[in-house]
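Participant: Okay, here's the structure, questions in a sec.
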Amino acid sequence: MSLEEHAAIAQDIGFLCDEMSFYCKKAKQNSMHFIGSLKKISDKNRKNKVMPLQGKLWKDWSYNDKEESKMKNKGNEDSQHYTDRIRSEKKKLRLQQQQTDTSEELKYFITTICTANEKELRFFLQWCQLELNKMSEGLLPGVLRDYNGCVKSLEEARKLGVNKDPSKPGESINQDKIKEELVEKMKRISEQFDTFSLGIEHIFREFSQLYEAHNERDVDNPYENLPMVMADLMIMGYPLELMDGNVSHVPQQWLDAVFSELEKKIGKTKRVTVMSIIGIQSTGKSTLLNTMFGSKFAVSSGRCTKGVFVQLLPLNNELRDELKCDYVLIMDTEGLRSPEMGDQFAHDNEIATFITCLANTTILNFWGQTFSKEMSDIIQISAHAFLRMTRVEIKSRFHMVFASVSDITAVEKNQIGVQNVINEIDKIITETSAQQDGTKLLGMQDIFPLCKKIYQMLHFPEFLPALWQGQMSAPKSRYGEEVTTLRNSLMESLIRDDITRTQTCRDFITRISDVWNAVKKENFIFAFQNSQAVEVYRKMEEFFDRETTDLRTFVYSEVRTVGDSFKNESTKDLPSIQEQLQAQIFQVKAKALEKKDLIEEKFNDEMKRYGDGKADMAAKFLPDFVLNVTRKIENWIISDEGRVLNEIKEMLKKRVNMNILQNFKRNIVKNAQQVVKELHEKNEEIDENVIDNNFKKLFEEWKVDAKKQDGDLQLKNENELKNIKNGCQNALFEKISQRLKSVDAYARLRSKEEIVTKRRSRDKHFDLSDPQHFRVTKNHLVLKKYGTMVGAIHSTFRDPSDAVIERGEKIKQMICQEFQQKLKNAKHEINPDLKKLIEDAMDDVFKYNKNDVYQGWSFTQDFILDLVIHVYLQGITNVTDILEMQSNRNSLVQHLKKEKAILAQDFKSDCMSTDTDTRLGKLVFKDVLTEVIQTRIEKDLGEKLYVELLNTETFVFKSKMMFLLHEELLDSTWNQVYDFTNDYENYVKNWISLKVMKFCRESGYLTKQIEARNKSVTDDVIETVQQTLEQAKDSPPSAWFQLLMSKLTKKDYFEDMAEKVSMIEIKIEEIKDLDTVSYIMVEELNSFKHRKVYPEGKDIIEILNSLKFNVFENLMAERIGCTDPCRFCGSVCDNGRDCKEFKMKHRVDLHRPGGFTGLHTSGTDVLVTSICSTSVSSDKTYRMTKYFQDDKFRNWKDVNKDIPDWDIKPIDSEAQEFWQYLFALHHKNIAAHLKYKPADIPEGWFSVNRTRALKNLK
């Protein structure tokens, strides 16, 4: 009797049956309509007619998608063009899928499941599955008999070699040929099996193709609701196909859409743990999972699982609380080592790697306890999967199950089998790891220990009895008991796990994408990109960016405070200062490291909220981040200590010259006061004539004394100039003779000296440092033999391109301008080493006697000679001016001339005895209080602006800043893009500078800070003046002034105030009324509050450059990291820290087309579209004169040996769409600029628009 007949009898008796339900009846009616329409179609054509998209079109598309990654059949074709051709073919196949009409049968099925309520839907799907099983049961048994017969014959053939045919003496039977024929026959039978095999899972597979095909159209997707339907079905307990076993491919768009809908339905915060199983074909894997978890994986009708399926199983409330997990995702896979696959392991390796990388726990399912060839095969496949996982740091756990063991109570015998398997796994892991990269792994315990090893207190059954002992026997209860024990132990192990191995649906689909994209590549290790790890790293980078914002300013401020304390002490010598400075700065470093430890502790608390494997990733990255912060602190300390020490040295040098001037000024003030006293003692009328005559007499006496003291200084300067000139000239000739060949340097120098002398005398505006003094032309450049990076240029008659000439001009200007800036800085230094300055500049020129200017072109020796003489003359001319400026700065005669009017006014006021207090009050305000205010306004202003900038959208995180930097390129001109790709460091410096100035202008931050500080600081100074008066009102003026200065300079050092204070101290005793002096000072201060601190015309950049804390340099150091460019394409190193300092290799995850930097092919001069990582995986060669200083061809595959400071991974891939868009847009301009031919752009690159490029960048 059938089940339907039983149901009818049950209804007659009075039982309640599903068949009586309205929903069941309606569902059955709909299912019968659907099944009836299927039966009208012939068995051979049914599947292709009803579900056409998963046939040949899907198979061909999958093949092309894999080929796009593997590039196995590329041959000598350019990778970019080959990839573009493959993509075009994929688009054609998708178009054919879109143009294929959806069958009426499938439309009916979709309409039914979309309109039915949940009860009706459950019945409908169940009826459909039952009826589809019936159809299969009528077709598949005969196919399976044929298949099993071939399997048996194949096994027998494999045991035999070449044997004699007993029926035909003298002839032999070639068993290899028989095996090949059997395998081919099995493949045909397998195809027939796929044709006749039809279940609900095949309909769901068609859903995926309908969605993916139409999702790539520009119009709305008519099947956009299918992912939502599939998500509902998953919640109802139906499996979802992750990998189509027939074509070995993963429909990523479909899966992403389904899991996104699932996430919406169950909640974004819901967490899942993933379990999977792998084993030989037909060993009961699906049965084991169905028994263990009540899942619905197909096991009926003789249909084996093909591909990978996943089912969502909810946990009860108790387990949810204990596991901190809401669902279990169970993955079932097709069996490994299918007979028709022969000895090809690629397909099995893909499946094994795919599921083990996705699962938190994997069960290895063996058949029987006797070690066999099939066991060896699965061990080998699993071992390779384990190794791949550990290489990319994916963690999982494993349990081995031996199914259909005849006697599970024979513990010792069974354990021998287990140990054999473990030994075999250890052996394979040890050998394979040594072969791959020389790593010495002892075995499985070095990668993934078994569950029973981790949780020894739990019982994990390893031996399962057969479920049935014959076709007619009842299921064995012991099987269910052992499976239940195994399930409970697996669940308990999750509860006891130190790190909860759970994830969100979004994490799971992200991992699917990462793993599948890597599996598709030939080299899984190099190709794997762990998006979760990238996300964790980005979060950590943002955390440490945020938390270390104030750390830099803390170190700078602390070191500055230490330095100021020493600057205010005038009695110590340099050695004692250095010793004490180092001791105090060591304490600053200790404080900074304490702050670093607090940041680390804070992150450890934050990391607890990461959960799952993300915490493992974060823990792995943490030492690098902590080390990075430690190195930063050390660098800041070294830099700031050196800066402070140099300032102290400059101060001590300055103090020597200042003492001479102070002594001289003291003497003239004393002389003036003595004359005033004598005039007052005569009791005669003092009119202006008397005053003028006495001052003139005094001034002439002072001039005589000043000239006498200046004479020694003048002689010293003349001797120094002579020594510098002779020393530099000797160095010039020596360097020329060593580095240049046949040139008449002496005659050239004399000639140019004469020209300079004549021009300077004729034109007072003549400036040797002017970049336009002489320009680089084509006559100044020469092409080295084989001077291109790729391919040789044999013609020596070719003119350099405009780009080469422009680069040469930039280099010349850079050398001259940098030298001029150093000379300019030297004008403000005390006793600078001018001879070394000039010799260093000459060395900078001589570097280009070896180094290329650009693209194999170099300066001629004549031009190098002209340029080095130009630099020499520029230096000597400026040295004369510098020494003259220093002489004037230290000249007492010049000081007298400069101060004559003030001295005359002071002398007159003293003689007339009028307004002394007012004058001294204004003098203290002008010479002391204004500098105090200015210094306090600027104090930590740079640091505050730096912190404020790091909290803006532009600079808040490095990742955000880099995105904005690249986004602007989408709307930039071709020459801006060219500058970015060829001169990244300077481009970024200018970009940061513009952003800082824009922020200051638009926000008004700098102006507001200065105005607010001016008011606040001035009010503080007013309060200090008033407090000093109250405390020293009855004290002598000198005591009052000393108290005032101690209050004002208690915490700060005022660089240029000592000389002025010294002069005031001489006159201070002239004060008659401290109230009047204080009143005048306060009055001037109140007026100063409302004035502009900086002149109207002063630019923001000037203000920023006047601050001691260099905002631009610190932003560059904090947010850019390593700026070393790839030698070929110019892509900048991705490491966020200085690679040289951290002893790291430079690396770039995504290179760009080499044509951006002028890379071109040999002979044709056509700019290339290839990227470095693709070239490294090819058999091509390259030539790079400018790096190696020779014209040898080198193999791309050896590039990491030839350029050891770079690590370019060999991955066949194409350029990012972001760079495709920019290169396709600008390659013609770049080619014209470099005098090369435009690139042969793949057709697909032109279809990339700005929107796609921006999406790719994000």
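Going by the structure tokens order, chains are called A, B, ..., each with residues numbered from 1, while ligands are numbered from 1 in the order shown.
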Which neighbours of Lys1258 of chain A fall inside 12 Å, counting only C-alpha atoms, when residues of the same chain fewer than 2 positions from it are skipped, and could you give them as a VMD selection string?
Facilitator: chain A and resid 959 to 960 962 to 964 966 to 967 1216 to 1218 1251 to 1256
Participant: Compile the contact shell of Glu206 of chain A as a list in words: residues with an atom at most 9 Å away, counting only C-alpha atoms, same-chain residues fewer than 5 positions apart removed.
Facilitator: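 Residues meeting the cut-off are Met51, Pro52, Leu53, Gln54, Leu106, Glu201 and Tyr211 of chain A.
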Participant: Could the residues in this selection be saved with N, CA and C atoms as a compact mmCIF listing (two decimals), in the first residue's frame?
Facilitator:
```
# COMPACT_ATOMS: atom_id res chain seq x y z
N MET A 51 14.77 24.28 -16.89
CA MET A 51 15.82 25.06 -16.21
C MET A 51 17.02 25.25 -17.15
N PRO A 52 16.85 26.06 -18.21
CA PRO A 52 17.89 26.16 -19.23
C PRO A 52 19.15 26.92 -18.78
N LEU A 53 19.01 27.82 -17.81
CA LEU A 53 20.13 28.69 -17.47
C LEU A 53 21.27 27.94 -16.77
N GLN A 54 20.99 26.81 -16.12
CA GLN A 54 22.05 26.09 -15.41
C GLN A 54 22.70 25.03 -16.29
N LEU A 106 8.57 26.90 -14.73
CA LEU A 106 9.31 27.59 -13.67
C LEU A 106 8.56 28.85 -13.23
N GLU A 201 16.43 21.18 -5.15
CA GLU A 201 17.70 21.93 -5.16
C GLU A 201 18.06 22.44 -6.55
N TYR A 211 18.51 35.23 -11.09
CA TYR A 211 18.85 36.46 -10.37
C TYR A 211 20.16 37.06 -10.89
```
Participant: Kindly indicate which residue among A:Gly921, A:Thr485, A:Lys944, A:Ser1177 lies nearest to Leu1085 of chain A, using only C-alpha atoms for the distances.
Facilitator: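 Of all the options, A:Gly921 lies closest to Leu1085 of chain A.
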Participant: Please provide as a PyMOL selection string all residues within 12 Å of segment 134-145 of chain A, with the sequence filter that same-chain residues fewer than 5 positions apart are discarded (counting only C-alpha atoms).
Facilitator: chain A and resi 35-36+38-39+42-44+46-47+127-129+150-152+185-200+300-304
Participant: Counting only C-alpha atoms, what is within 9 Å of Lys812 of chain A, bar same-chain residues fewer than 4 positions away, as an MDAnalysis selection string?
Facilitator: chainID A and resid 771 775:776 807:808 816:817 845 867
Participant: Export C-alpha atoms of the chosen residues as a short mmCIF file (atom, residue, chain, number, x, y, z; two decimals), in the first residue's frame?
Facilitator:
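selection-v4.cif, freshly written:
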```cif
data_model
loop_
_atom_site.label_atom_id
_atom_site.label_comp_id
_atom_site.auth_asym_id
_atom_site.auth_seq_id
_atom_site.Cartn_x
_atom_site.Cartn_y
_atom_site.Cartn_z
CA PRO A 771 65.93 79.34 -11.69
CA ARG A 775 67.38 76.43 -18.54
CA VAL A 776 67.88 72.75 -19.36
CA ARG A 807 62.28 66.48 -15.41
CA GLY A 808 65.84 67.70 -15.98
CA CYS A 816 69.45 75.22 -6.79
CA GLN A 817 66.37 76.04 -4.73
CA VAL A 845 75.05 67.78 -8.41
CA LEU A 867 75.82 73.21 -12.89
#
```
Participant: What are the DSSP strand (DSSP E) residues of segment 51-214 of chain A, as a list in words?
Facilitator: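 Filtering segment 51-214 of chain A to strand (DSSP E) leaves Val162, Asn163, Lys164, Ser172, Ile173 and Asn174 of chain A.
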Participant: Those same residues, written as a PDB file, in the first residue's frame with all heavy atoms?
Facilitator:
```pdb
ATOM      1  N   VAL A 162      49.595  -4.970 -17.578  1.00  0.00           N
ATOM      2  CA  VAL A 162      49.405  -5.431 -18.953  1.00  0.00           C
ATOM      3  C   VAL A 162      49.429  -6.943 -18.926  1.00  0.00           C
ATOM      4  O   VAL A 162      50.465  -7.555 -18.646  1.00  0.00           O
ATOM      5  CB  VAL A 162      50.506  -4.881 -19.886  1.00  0.00           C
ATOM      6  CG1 VAL A 162      50.308  -5.402 -21.294  1.00  0.00           C
ATOM      7  CG2 VAL A 162      50.493  -3.369 -19.851  1.00  0.00           C
ATOM      8  N   ASN A 163      48.250  -7.594 -19.191  1.00  0.00           N
ATOM      9  CA  ASN A 163      48.137  -9.055 -19.079  1.00  0.00           C
ATOM     10  C   ASN A 163      47.912  -9.690 -20.452  1.00  0.00           C
ATOM     11  O   ASN A 163      47.484  -9.049 -21.408  1.00  0.00           O
ATOM     12  CB  ASN A 163      46.965  -9.418 -18.161  1.00  0.00           C
ATOM     13  CG  ASN A 163      47.169  -8.879 -16.757  1.00  0.00           C
ATOM     14  OD1 ASN A 163      48.300  -8.838 -16.293  1.00  0.00           O
ATOM     15  ND2 ASN A 163      46.086  -8.464 -16.125  1.00  0.00           N
ATOM     16  N   LYS A 164      48.216 -10.989 -20.500  1.00  0.00           N
ATOM     17  CA  LYS A 164      47.968 -11.762 -21.731  1.00  0.00           C
ATOM     18  C   LYS A 164      46.482 -12.071 -21.850  1.00  0.00           C
ATOM     19  O   LYS A 164      45.822 -12.361 -20.851  1.00  0.00           O
ATOM     20  CB  LYS A 164      48.755 -13.079 -21.704  1.00  0.00           C
ATOM     21  CG  LYS A 164      50.274 -12.882 -21.654  1.00  0.00           C
ATOM     22  CD  LYS A 164      50.807 -12.301 -22.942  1.00  0.00           C
ATOM     23  CE  LYS A 164      52.333 -12.163 -22.899  1.00  0.00           C
ATOM     24  NZ  LYS A 164      52.836 -11.562 -24.145  1.00  0.00           N
ATOM     25  N   SER A 172      48.282  -9.159 -26.021  1.00  0.00           N
ATOM     26  CA  SER A 172      48.163  -8.681 -24.636  1.00  0.00           C
ATOM     27  C   SER A 172      47.038  -7.655 -24.519  1.00  0.00           C
ATOM     28  O   SER A 172      46.630  -7.040 -25.502  1.00  0.00           O
ATOM     29  CB  SER A 172      49.477  -8.043 -24.172  1.00  0.00           C
ATOM     30  OG  SER A 172      49.782  -6.924 -24.991  1.00  0.00           O
ATOM     31  N   ILE A 173      46.547  -7.523 -23.321  1.00  0.00           N
ATOM     32  CA  ILE A 173      45.485  -6.557 -23.037  1.00  0.00           C
ATOM     33  C   ILE A 173      46.121  -5.360 -22.323  1.00  0.00           C
ATOM     34  O   ILE A 173      46.751  -5.509 -21.286  1.00  0.00           O
ATOM     35  CB  ILE A 173      44.411  -7.167 -22.129  1.00  0.00           C
ATOM     36  CG1 ILE A 173      43.800  -8.394 -22.800  1.00  0.00           C
ATOM     37  CG2 ILE A 173      43.332  -6.139 -21.814  1.00  0.00           C
ATOM     38  CD1 ILE A 173      42.857  -9.145 -21.900  1.00  0.00           C
ATOM     39  N   ASN A 174      45.971  -4.175 -22.885  1.00  0.00           N
ATOM     40  CA  ASN A 174      46.484  -2.946 -22.262  1.00  0.00           C
ATOM     41  C   ASN A 174      45.443  -2.430 -21.277  1.00  0.00           C
ATOM     42  O   ASN A 174      44.415  -1.876 -21.671  1.00  0.00           O
ATOM     43  CB  ASN A 174      46.769  -1.894 -23.338  1.00  0.00           C
ATOM     44  CG  ASN A 174      47.543  -0.711 -22.756  1.00  0.00           C
ATOM     45  OD1 ASN A 174      47.397  -0.399 -21.581  1.00  0.00           O
ATOM     46  ND2 ASN A 174      48.345  -0.082 -23.589  1.00  0.00           N
TER      47      ASN A 174
END
```
Participant: Measuring atom to atom with only C-alpha atoms, identify which of A:Gln1026, A:Asn215, A:Ser37, A:Ser79 is nearest to Ser1173 of chain A.
Facilitator: A:Ser79
Participant: I'd like the contact shell of segment 625-637 of chain A - 8 Å cut-off, only C-alpha atoms, skipping same-chain residues fewer than 3 positions apart - returned as a list in words.
Facilitator: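 Residues near the query, excluding close chain neighbours: Glu541, Phe544, Thr548, Arg552, Val555, Tyr556, Val559, Ile585, Lys589, Ala592, Leu593, Lys596, Glu600, Phe621, Leu622, Asp640, Glu641 and Arg1137 of chain A.
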Participant: Keeping only N, CA, C and O atoms, write those residues as a compact mmCIF listing (two decimals), in the first residue's frame.
Facilitator:
```
# COMPACT_ATOMS: atom_id res chain seq x y z
N GLU A 541 43.79 50.32 12.93
CA GLU A 541 44.51 51.50 12.43
C GLU A 541 43.78 52.77 12.84
O GLU A 541 44.40 53.74 13.30
N PHE A 544 44.20 53.32 16.70
CA PHE A 544 45.51 53.85 17.09
C PHE A 544 45.75 55.24 16.49
O PHE A 544 46.43 56.07 17.11
N THR A 548 46.45 57.97 19.44
CA THR A 548 47.81 58.53 19.48
C THR A 548 47.87 59.97 18.99
O THR A 548 48.95 60.54 18.85
N ARG A 552 51.78 62.67 20.13
CA ARG A 552 52.86 63.43 19.47
C ARG A 552 53.03 64.81 20.10
O ARG A 552 54.14 65.24 20.39
N VAL A 555 54.71 64.62 23.63
CA VAL A 555 56.17 64.48 23.60
C VAL A 555 56.83 65.80 23.23
O VAL A 555 57.79 66.25 23.88
N TYR A 556 56.30 66.47 22.21
CA TYR A 556 56.89 67.74 21.76
C TYR A 556 56.84 68.77 22.88
O TYR A 556 57.83 69.45 23.16
N VAL A 559 59.29 67.87 25.84
CA VAL A 559 60.70 68.10 25.49
C VAL A 559 60.98 69.60 25.39
O VAL A 559 62.03 70.07 25.82
N ILE A 585 65.02 64.06 29.49
CA ILE A 585 64.28 63.59 28.32
C ILE A 585 64.00 62.09 28.46
O ILE A 585 62.98 61.59 27.97
N LYS A 589 60.42 60.25 27.93
CA LYS A 589 60.19 59.02 27.18
C LYS A 589 59.44 58.01 28.04
O LYS A 589 58.51 57.34 27.54
N ALA A 592 55.85 58.94 28.13
CA ALA A 592 55.19 58.65 26.85
C ALA A 592 54.92 57.16 26.71
O ALA A 592 53.86 56.75 26.22
N LEU A 593 55.87 56.34 27.17
CA LEU A 593 55.67 54.89 27.10
C LEU A 593 54.56 54.43 28.05
O LEU A 593 53.85 53.46 27.76
N LYS A 596 51.54 55.01 26.18
CA LYS A 596 51.41 53.95 25.18
C LYS A 596 50.83 52.69 25.81
O LYS A 596 49.96 52.03 25.22
N GLU A 600 47.39 50.63 24.92
CA GLU A 600 47.34 49.19 24.67
C GLU A 600 46.29 48.53 25.56
O GLU A 600 45.53 47.67 25.11
N PHE A 621 47.77 41.20 15.15
CA PHE A 621 48.22 42.49 14.64
C PHE A 621 48.73 43.41 15.75
O PHE A 621 49.53 44.32 15.50
N LEU A 622 48.25 43.20 17.00
CA LEU A 622 48.52 44.14 18.08
C LEU A 622 50.00 44.41 18.31
O LEU A 622 50.39 45.59 18.45
N ASP A 640 63.10 65.56 18.62
CA ASP A 640 62.88 66.74 19.46
C ASP A 640 64.08 67.05 20.34
O ASP A 640 64.41 68.22 20.57
N GLU A 641 64.76 66.00 20.81
CA GLU A 641 65.97 66.23 21.61
C GLU A 641 67.05 66.91 20.76
O GLU A 641 67.71 67.85 21.21
N ARG A 1137 54.29 52.40 7.82
CA ARG A 1137 55.42 52.86 8.64
C ARG A 1137 56.69 52.82 7.81
O ARG A 1137 56.69 52.29 6.70
```
Participant: Going by DSSP on the backbone, which residues of segment 1017-1209 of chain A come out as helix (DSSP H, G or I)? List them as a PyMOL selection string.
Facilitator: chain A and resi 1017-1031+1037-1048+1058-1070+1074-1088+1100-1106+1111-1119+1139-1142+1154-1157+1172-1176+1185-1188+1196-1202
Participant: Quick one: residues within 10 Å of Val562 of chain A, only C-alpha atoms, excluding same-chain residues fewer than 6 positions away - as a PyMOL selection string?
Facilitator: chain A and resi 580-582+584-585+588+641+644
Participant: Can I get the selection written as a PDB file, in the first residue's frame, with N, CA, C and O atoms?
Facilitator:
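Ended up saving to out_9.pdb:
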```pdb
ATOM      1  N   GLN A 580      72.419  66.601  31.615  1.00  0.00           N
ATOM      2  CA  GLN A 580      71.164  66.748  32.348  1.00  0.00           C
ATOM      3  C   GLN A 580      69.956  66.701  31.409  1.00  0.00           C
ATOM      4  O   GLN A 580      68.890  66.201  31.773  1.00  0.00           O
ATOM      5  N   LEU A 581      70.140  67.208  30.188  1.00  0.00           N
ATOM      6  CA  LEU A 581      69.060  67.182  29.201  1.00  0.00           C
ATOM      7  C   LEU A 581      68.677  65.737  28.877  1.00  0.00           C
ATOM      8  O   LEU A 581      67.493  65.386  28.834  1.00  0.00           O
ATOM      9  N   GLN A 582      69.659  64.881  28.660  1.00  0.00           N
ATOM     10  CA  GLN A 582      69.390  63.475  28.340  1.00  0.00           C
ATOM     11  C   GLN A 582      68.655  62.781  29.482  1.00  0.00           C
ATOM     12  O   GLN A 582      67.736  61.986  29.258  1.00  0.00           O
ATOM     13  N   GLN A 584      66.644  64.147  31.738  1.00  0.00           N
ATOM     14  CA  GLN A 584      65.265  64.606  31.848  1.00  0.00           C
ATOM     15  C   GLN A 584      64.413  64.125  30.669  1.00  0.00           C
ATOM     16  O   GLN A 584      63.231  63.812  30.828  1.00  0.00           O
ATOM     17  N   ILE A 585      65.025  64.065  29.493  1.00  0.00           N
ATOM     18  CA  ILE A 585      64.280  63.587  28.321  1.00  0.00           C
ATOM     19  C   ILE A 585      64.004  62.086  28.456  1.00  0.00           C
ATOM     20  O   ILE A 585      62.979  61.591  27.967  1.00  0.00           O
ATOM     21  N   VAL A 588      60.866  61.935  30.117  1.00  0.00           N
ATOM     22  CA  VAL A 588      59.772  62.231  29.178  1.00  0.00           C
ATOM     23  C   VAL A 588      59.400  60.975  28.392  1.00  0.00           C
ATOM     24  O   VAL A 588      58.227  60.660  28.200  1.00  0.00           O
ATOM     25  N   GLU A 641      64.760  66.002  20.809  1.00  0.00           N
ATOM     26  CA  GLU A 641      65.970  66.234  21.612  1.00  0.00           C
ATOM     27  C   GLU A 641      67.046  66.907  20.764  1.00  0.00           C
ATOM     28  O   GLU A 641      67.713  67.850  21.208  1.00  0.00           O
ATOM     29  N   VAL A 644      66.069  70.587  20.236  1.00  0.00           N
ATOM     30  CA  VAL A 644      66.280  71.397  21.439  1.00  0.00           C
ATOM     31  C   VAL A 644      67.777  71.619  21.691  1.00  0.00           C
ATOM     32  O   VAL A 644      68.199  72.716  22.031  1.00  0.00           O
TER      33      VAL A 644
END
```
